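S.K.: I have a structure I would like to understand better, so I am pasting it below and will then ask my questions one at a time.
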Amino acid sequence: MSKLFQETVLVQYLFRNPSILIFLGTLAGVCLAVTILGEGFGLGLISTSFIKTLGKTLCLCIIAIAMDLVWGFCGILSLGHFAFFALGGYMIGMWMMFARTKIIVIEAAKNNVLPPTPAEISEAVGTQIFGVVGGAEIPMVWAFADSLWAQIAFIVLVPGLLAYLFGWLAFRSRVNGVYLSILTQAMTLALSLYLLQNDSGFRGNNGLSGLQNVPGLDDVPQSILSITFFLVSGLALATTYLMAAAVVGSKLGNIIRGIRDNEARVRFLGYNVESYKLFIFVLTAMVAAVAGALYYPQAGIINPTELAPIASIYLAVWVAIGGRGRIYGAVIGAAFVSLLSSYFTSGQAPDIPLGFATIIWTDWWLILLGFSFVVVTIYAPQGLGGFIEKLARQEKG
Amino acid sequence: MAPLLQVDNISVSFDGFKAINKLSFEIGETELRAIIGPNGAGKTTFMDIVTGLTRPDSGDVRWLGTNISLLKQSESQIAQLGIGRKFQKPTTFEAQTVYENLLMSLANNRNPFAVLAYRRSPRDEDRIDGIARQINLAESLDQFAGELSHGQKQWLEIGMLLAQDPKLLLVDEPAAGMTASERDVTVALLKELAQIRSVVVVEHDMEFIRELDCRVTVLHEGAVIAEGSMDFVTANQQVIDVYLGR
Ligand SMILES: Nc1ncnc2c1ncn2[C@@H]1O[C@H](COP(=O)(O)OP(=O)(O)OP(=O)(O)O)[C@@H](O)[C@H]1O
Ligand SMILES: [Mg+2]
């Protein structure tokens with residue numbers, strides 16, 4: 001009875017917010033179509049590697065929603081959210097690598113006369129994982145790597161704590177605007193340099209690899225794993241979208257838009273602006289981390305270059321092109337630009353000979369992207385989303 | 001009339017220029033007070049100090065309701081104590097509706113989690129409707145604040161202050177840019193507000209001040225040069241020299 005009631009409330013909610021309904025419908029349609037057409041469960045018309053690309057794109061849409069919440073709605077131009085994304089990837093990657101190596105070690109020792117002691121297992125795992133950085137000891141930070149649940153908790157806790165500390169210091173000192181953006185870039189760079197060190201315990205520039213293999217699921221083919229990750233990413237995107245819509249539609253949504261437009265005025269209404277910024281910053285950092293934790297198992301590898309400051313700048317570009325301040329805009333921007341980007345940079349796009357020069361897309365794509373960003377900023381500050389809304393209004397009136 | 005706000009010998013200078021110079025005065029409970037004075041006299045700076053935007057170099061500002069110094073409080077804490085402010089330039093949230101502007105201002109729990117979980121209650125709806133009627137915007141609740149006329153924006157801002165339910169209202173140049181009829185409505189509104197709370201009005205429009213019919217404080221170079229009824233201060237030779245006579 002109460003379930004029925006909840007369902008009707010959700011249904012009512014969706015009908016009151018048609019844009020959410022349209023979004024969820026479209027997403028469900030895409031997921032269904034890919035499942036039917038793809039390898040794994042369906043007809044096999046879409047290759048597993050492309051399904052991985054699509055699944056990763058869904059994760060990028062999730063972090064774009066986070067970026068839209070923090071920048072488009074709350075006015076904080078964070079250029080550090082990819083740091084949280086990568087941290088989420090590292091947290092799940094540690095479990096995947098550790099658990100899988102352990103299985104392999106135990107498997108290899110099966111024919112030994114004496115079963116290996118825990119200390120021997122631990123040493124063998126340590127050598128396997130950290131040999132590349134010249135160590136055999138399992139670093140402290142890997143203390144819980146054997147436990148999937150602990151690492152899942154860390155996916156949100158570690159980036160959440162980092163975001164909390166950073167935000168607390170920055171917002172309390174009223175660091176704003178471009179200074180805050182620079183500070184977030186510095187944080188990203190510092191974290192990436194830290195991870196790059198061999199003795200920080202994250203395998204330096206090797207990063208974590210083999211993440212496409214899920215521990216204990218070695219018998220499951222990649223085609224099935226990929227479509228499963230794709231569908232889970234789709235579900236996560238839908239959940240994130242609903243969560244973001246609920247936040248934006250609440251009274252807190254009014255307050256953060258107020259902070260974006262006139263921070264001082266919100267203060268004089270009696271709101272502690274810093275705690276609102278902190279709330280949104282930490283929340284979006286956690287969302288970004290979850291997106292990263294779903295992304296890297298599909299990418300197969302994560303290393304400190306993923307935290308390059310430029311990645312977070314691209315994120316801002318996607319959201320600007322999609323149209324900030326509207327959640328679906330962020331999704332459109334991220335999906336559109338990142339898919340185009342993988343098309344152009346993978347060498348699939350035909351080169352264009354101009355006689356005096358040849359446009360090689362792998363080189364020219366960034367120039368095209370930069371140019372589009374400038375054009376959007378000047379001529380369509382509302383982005384693709386604003387363009388769609390304009391069309392919809394013309395249709396009506 | 002028990003005093004509510006006590007400004008005690010405050011001074012503040014900007015780059016060596018004394019904007020406020022040993023300023024002292026008191027505002028009583030439910031008092032309506034006008035502050036006048038030439039450009040640069042320090043009227044807005046006084047409001048900045050009371051609301052926590054500017055820290056004075058010396059002196060104290062005491063909130064006598066709970067007998068604490070405002071100088072140690074943040075802007076949001078001062079607002080929560082019950083001091084509301086209307087800026088010289090109307091500042092509403094233009095990208096949001098009149099309803100949303102009022103909703104944000106309502107005196108409710110301001111903790112982020114409480115705000116996130118907030119559900120509209122009939123009590124709050126009634127309150128918003130009441131305020132909207134009081135500020136003549138009952139028909140415009142769903143309009144974006146940015147679409148309102150200049151005068152309507154001023155009223156909305158006063159409505160936002162009402163929703164905060166402050167004990168002391170600081171109103172900076174409310175009549176600026178208003179039509180004559182809008183001005184009359186504003187006078188009536190401010191008088192009504194002062195029935196149950198203290199209101200301090202800064203204004204250059206002498207006709208407007210006269211209609212407010214209240215005690216007047218004249219500032220000049222950051223200090224009080226005269227205080228009393230409108231007739232009393234306008235007869236003061238120094239006031240005529242520095243302000244009225246020009
Ligand atoms: N933040 C600041 N930095 C430097 N100088 C300032 C600052 N705020 C105010 N002043 C100066 O202090 C003096 C008093 O300014 P204030 O705005 O308080 O005057 P006012 O009485 O409100 O004038 P008006 O009638 O023009 O609004 C002016 O000379 C102004 O230039
Ligand atoms: Mg002024």
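Each chain in the structure tokens gets a letter, A, B and so on, in the order shown; residues start at 1 in every chain, and ligands are counted from 1 in the order they appear.
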Got a sec to tell me which of segment 281-387 of chain A DSSP assigns to alpha helix (DSSP H), as JSON, numbers by chain?

M.R.: {"A": [281, 282, 283, 284, 285, 286, 287, 288, 289, 290, 291, 292, 293, 294, 295, 296, 297, 298, 299, 309, 310, 311, 312, 313, 314, 315, 316, 317, 318, 319, 320, 321, 322, 327, 328, 329, 330, 331, 332, 333, 334, 335, 336, 337, 338, 339, 340, 341, 342, 343, 344, 345, 361, 362, 363, 364, 365, 366, 367, 368, 369, 370, 371, 372, 373, 374, 375, 376, 377, 378, 379, 383, 384, 385, 386, 387]}

S.K.: Determine, for each residue of chain B having at least one atom at most 10 Å from an atom of chain A, the closest pair of atoms and their separation in Å to one decimal, counting only C-alpha atoms; order by chain and ascending number, as CSV.

M.R.:
residue,atom,partner,partner_atom,distance
B:Thr51,CA,A:Phe268,CA,7.7
B:Gly52,CA,A:Phe268,CA,9.2
B:Leu53,CA,A:Ala264,CA,9.0
B:Ser74,CA,A:Asn272,CA,8.7
B:Glu75,CA,A:Arg267,CA,5.9
B:Ser76,CA,A:Gly270,CA,4.0
B:Gln77,CA,A:Gly270,CA,6.2
B:Ile78,CA,A:Gly270,CA,7.3
B:Ala79,CA,A:Gly270,CA,4.6
B:Gln80,CA,A:Gly270,CA,5.1
B:Leu81,CA,A:Gly270,CA,8.6
B:Gly82,CA,A:Gly270,CA,8.9
B:Ile83,CA,A:Phe268,CA,8.6
B:Gly84,CA,A:Phe268,CA,7.0
B:Arg85,CA,A:Phe268,CA,7.1
B:Lys86,CA,A:Phe268,CA,9.3
B:Phe87,CA,A:Arg265,CA,9.2
B:Thr91,CA,A:Arg265,CA,7.2
B:Thr92,CA,A:Arg265,CA,8.0
B:Phe93,CA,A:Gly258,CA,6.2
B:Glu94,CA,A:Asp261,CA,8.4
B:Ala95,CA,A:Asp261,CA,8.2
B:Gln96,CA,A:Asn254,CA,7.8
B:Thr97,CA,A:Asn254,CA,9.9
B:Glu100,CA,A:Asn254,CA,7.1
B:Asn101,CA,A:Asn254,CA,8.4
B:Leu103,CA,A:Lys251,CA,8.1
B:Met104,CA,A:Ile255,CA,6.9
B:Ser105,CA,A:Leu269,CA,6.0
B:Leu106,CA,A:Leu269,CA,8.9
B:Ala107,CA,A:Gly270,CA,9.0
B:Asn108,CA,A:Gly270,CA,10.0
B:Asn109,CA,A:Tyr271,CA,9.3
B:Arg110,CA,A:Tyr271,CA,5.8
B:Asn111,CA,A:Tyr271,CA,7.8
B:Pro112,CA,A:Tyr276,CA,6.0
B:Phe113,CA,A:Leu252,CA,8.4
B:Ala114,CA,A:Leu252,CA,8.9
B:Val115,CA,A:Leu252,CA,5.5
B:Leu116,CA,A:Leu252,CA,4.9
B:Ala117,CA,A:Ser250,CA,7.6
B:Tyr118,CA,A:Lys251,CA,6.5
B:Arg119,CA,A:Lys251,CA,8.3
B:Arg120,CA,A:Lys251,CA,9.2
B:Met160,CA,A:Leu269,CA,8.4
B:Leu161,CA,A:Leu269,CA,8.0
B:Ala163,CA,A:Leu269,CA,9.7
B:Gln164,CA,A:Leu269,CA,7.2

S.K.: Please give me, as a PDB file with C-alpha atoms, in the first residue's frame, the residues lying within 7 Å of ligand 1 when counting only C-alpha atoms and all ligand atoms.

M.R.:
ATOM      1  CA  PHE B  14      39.396  54.790   4.487  1.00  0.00           C
ATOM      2  CA  ASP B  15      42.961  55.443   3.383  1.00  0.00           C
ATOM      3  CA  ALA B  19      34.301  58.666   6.863  1.00  0.00           C
ATOM      4  CA  GLY B  37      23.083  64.722   5.399  1.00  0.00           C
ATOM      5  CA  PRO B  38      25.103  65.711   2.332  1.00  0.00           C
ATOM      6  CA  ASN B  39      26.707  63.192  -0.037  1.00  0.00           C
ATOM      7  CA  GLY B  40      29.603  61.440   1.609  1.00  0.00           C
ATOM      8  CA  ALA B  41      28.410  62.301   5.119  1.00  0.00           C
ATOM      9  CA  GLY B  42      28.786  58.654   6.151  1.00  0.00           C
ATOM     10  CA  LYS B  43      25.151  57.549   6.167  1.00  0.00           C
ATOM     11  CA  THR B  44      25.698  54.381   4.153  1.00  0.00           C
ATOM     12  CA  THR B  45      28.941  53.668   5.988  1.00  0.00           C
ATOM     13  CA  PHE B  46      27.011  53.776   9.281  1.00  0.00           C
TER      14      PHE B  46
END

S.K.: Could you pull the residues within 12 Å of Leu169 of chain A, counting only C-alpha atoms, minus those fewer than 2 positions along the same chain, as a PyMOL selection string?

M.R.: chain A and resi 162-167+171-176+180+183-184+274-275+277-278

S.K.: Please, could you write that set of residues out with C-alpha atoms as an mmCIF file, in the first residue's frame?

M.R.:
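See part-v3.cif below for the written result:
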data_model
loop_
_atom_site.group_PDB
_atom_site.id
_atom_site.type_symbol
_atom_site.label_atom_id
_atom_site.label_comp_id
_atom_site.auth_asym_id
_atom_site.auth_seq_id
_atom_site.Cartn_x
_atom_site.Cartn_y
_atom_site.Cartn_z
ATOM 1 C CA LEU A 162 39.445 16.373 1.073
ATOM 2 C CA ALA A 163 36.688 18.599 -0.308
ATOM 3 C CA TYR A 164 35.563 19.430 3.201
ATOM 4 C CA LEU A 165 39.023 20.475 4.368
ATOM 5 C CA PHE A 166 39.765 22.420 1.204
ATOM 6 C CA GLY A 167 36.364 24.097 1.140
ATOM 7 C CA PHE A 171 35.378 29.540 1.898
ATOM 8 C CA ARG A 172 36.049 30.595 5.466
ATOM 9 C CA SER A 173 38.735 32.972 4.182
ATOM 10 C CA ARG A 174 36.205 34.193 1.623
ATOM 11 C CA VAL A 175 38.332 33.210 -1.336
ATOM 12 C CA ASN A 176 36.155 33.907 -4.355
ATOM 13 C CA LEU A 180 39.212 30.155 -5.878
ATOM 14 C CA LEU A 183 43.312 27.405 -5.741
ATOM 15 C CA THR A 184 41.318 24.388 -6.961
ATOM 16 C CA GLU A 274 30.115 29.530 3.705
ATOM 17 C CA SER A 275 28.269 26.509 5.033
ATOM 18 C CA LYS A 277 29.086 26.530 -0.361
ATOM 19 C CA LEU A 278 30.763 23.851 1.697
#

S.K.: How far is it from atom CA of Asp241 of chain B to atom CA of Glu221 of chain B, in Å with one decimal?

M.R.: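 Atom-to-atom, atom CA of Asp241 of chain B to atom CA of Glu221 of chain B, that is 13.3 Å.
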
S.K.: Show which residues sit within 8 Å of Ala244 of chain A, as a list in words. Count only C-alpha atoms, and ignore same-chain residues fewer than 4 positions away.

M.R.: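 Everything that qualifies: Ile65, Leu69, Thr240, Val248 and Ile327 of chain A.
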
S.K.: Quick one: pull the distance between atom CA of Trp63 of chain B and atom CA of Val7 of chain B, Å, one decimal.

M.R.: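 These atoms are spaced 9.0 Å apart.
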
S.K.: Enumerate as a PyMOL selection string all residues of segment 7-83 of chain B assigned to strand (DSSP E) by DSSP on the backbone, naming them with the chain letters and numbers the document uses.

M.R.: chain B and resi 7-14+17-28+32-36+58-63+68-69+83

S.K.: Report, in Å with one decimal, the straight-line distance from atom CA of Ile129 of chain A to atom CA of Met97 of chain A.

M.R.: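 Separation of atom CA of Ile129 of chain A and atom CA of Met97 of chain A: 7.8 Å.
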
S.K.: Residues near Asp172 of chain B, anyone? I mean within 10 Å using only C-alpha atoms, not counting same-chain ones fewer than 3 positions away, as number ranges by chain.

M.R.: B: 35, 43-44, 47, 85-90, 169, 175-176, 200-204

S.K.: Write the selection just made, keeping N, CA and C atoms, as a PDB file, in the first residue's frame?

M.R.:
ATOM      1  N   ILE B  35      17.622  59.750   8.833  1.00  0.00           N
ATOM      2  CA  ILE B  35      18.987  60.274   8.846  1.00  0.00           C
ATOM      3  C   ILE B  35      19.208  61.011   7.533  1.00  0.00           C
ATOM      4  N   LYS B  43      26.424  58.194   5.839  1.00  0.00           N
ATOM      5  CA  LYS B  43      25.151  57.549   6.167  1.00  0.00           C
ATOM      6  C   LYS B  43      25.182  56.065   5.801  1.00  0.00           C
ATOM      7  N   THR B  44      25.637  55.788   4.576  1.00  0.00           N
ATOM      8  CA  THR B  44      25.698  54.381   4.153  1.00  0.00           C
ATOM      9  C   THR B  44      26.771  53.629   4.947  1.00  0.00           C
ATOM     10  N   MET B  47      25.449  52.327   8.114  1.00  0.00           N
ATOM     11  CA  MET B  47      24.683  51.084   7.946  1.00  0.00           C
ATOM     12  C   MET B  47      25.610  49.897   7.699  1.00  0.00           C
ATOM     13  N   ARG B  85      18.318  44.954   6.309  1.00  0.00           N
ATOM     14  CA  ARG B  85      18.870  46.110   5.618  1.00  0.00           C
ATOM     15  C   ARG B  85      18.364  46.188   4.196  1.00  0.00           C
ATOM     16  N   LYS B  86      18.004  47.382   3.806  1.00  0.00           N
ATOM     17  CA  LYS B  86      17.656  47.621   2.409  1.00  0.00           C
ATOM     18  C   LYS B  86      18.734  48.495   1.812  1.00  0.00           C
ATOM     19  N   PHE B  87      19.284  48.023   0.692  1.00  0.00           N
ATOM     20  CA  PHE B  87      20.412  48.734   0.110  1.00  0.00           C
ATOM     21  C   PHE B  87      19.958  49.925  -0.723  1.00  0.00           C
ATOM     22  N   GLN B  88      20.938  50.804  -0.968  1.00  0.00           N
ATOM     23  CA  GLN B  88      20.648  51.998  -1.754  1.00  0.00           C
ATOM     24  C   GLN B  88      20.139  51.614  -3.144  1.00  0.00           C
ATOM     25  N   LYS B  89      20.839  50.687  -3.742  1.00  0.00           N
ATOM     26  CA  LYS B  89      20.420  50.166  -5.038  1.00  0.00           C
ATOM     27  C   LYS B  89      19.554  48.946  -4.737  1.00  0.00           C
ATOM     28  N   PRO B  90      18.347  48.845  -5.332  1.00  0.00           N
ATOM     29  CA  PRO B  90      17.514  47.700  -4.960  1.00  0.00           C
ATOM     30  C   PRO B  90      18.222  46.390  -5.303  1.00  0.00           C
ATOM     31  N   LEU B 169      15.065  47.828  11.175  1.00  0.00           N
ATOM     32  CA  LEU B 169      15.165  47.877   9.724  1.00  0.00           C
ATOM     33  C   LEU B 169      16.005  49.082   9.332  1.00  0.00           C
ATOM     34  N   ALA B 175      13.186  56.114  -1.548  1.00  0.00           N
ATOM     35  CA  ALA B 175      12.346  56.845  -2.499  1.00  0.00           C
ATOM     36  C   ALA B 175      13.079  57.178  -3.789  1.00  0.00           C
ATOM     37  N   ALA B 176      14.370  56.878  -3.836  1.00  0.00           N
ATOM     38  CA  ALA B 176      15.143  57.236  -5.024  1.00  0.00           C
ATOM     39  C   ALA B 176      14.537  56.585  -6.260  1.00  0.00           C
ATOM     40  N   VAL B 200      15.050  52.785  10.538  1.00  0.00           N
ATOM     41  CA  VAL B 200      15.942  53.920  10.285  1.00  0.00           C
ATOM     42  C   VAL B 200      15.955  54.171   8.784  1.00  0.00           C
ATOM     43  N   VAL B 201      15.602  55.380   8.390  1.00  0.00           N
ATOM     44  CA  VAL B 201      15.515  55.696   6.966  1.00  0.00           C
ATOM     45  C   VAL B 201      16.548  56.756   6.605  1.00  0.00           C
ATOM     46  N   VAL B 202      17.348  56.476   5.589  1.00  0.00           N
ATOM     47  CA  VAL B 202      18.241  57.487   5.032  1.00  0.00           C
ATOM     48  C   VAL B 202      17.612  58.002   3.752  1.00  0.00           C
ATOM     49  N   GLU B 203      17.526  59.313   3.585  1.00  0.00           N
ATOM     50  CA  GLU B 203      16.885  59.821   2.380  1.00  0.00           C
ATOM     51  C   GLU B 203      17.355  61.254   2.118  1.00  0.00           C
ATOM     52  N   HIS B 204      17.426  61.594   0.834  1.00  0.00           N
ATOM     53  CA  HIS B 204      17.769  62.972   0.472  1.00  0.00           C
ATOM     54  C   HIS B 204      16.523  63.795   0.200  1.00  0.00           C
TER      55      HIS B 204
END

S.K.: Pick out the residues sitting within 12 Å of Ile10 of chain B, and hand them over as a ChimeraX atom specification; count only C-alpha atoms, and ignore anything fewer than 2 positions along from it in its own chain.

M.R.: /B:6-8,12-13,18-25,42,45-46,49-50,54-62,71,222-224

S.K.: List the neighbours of Ala334 of chain A out to 6 Å using only C-alpha atoms; skip same-chain residues closer than 3 positions along the sequence, and give me the result as JSON, numbers by chain.

M.R.: {"A": [61, 318, 331, 337, 338]}
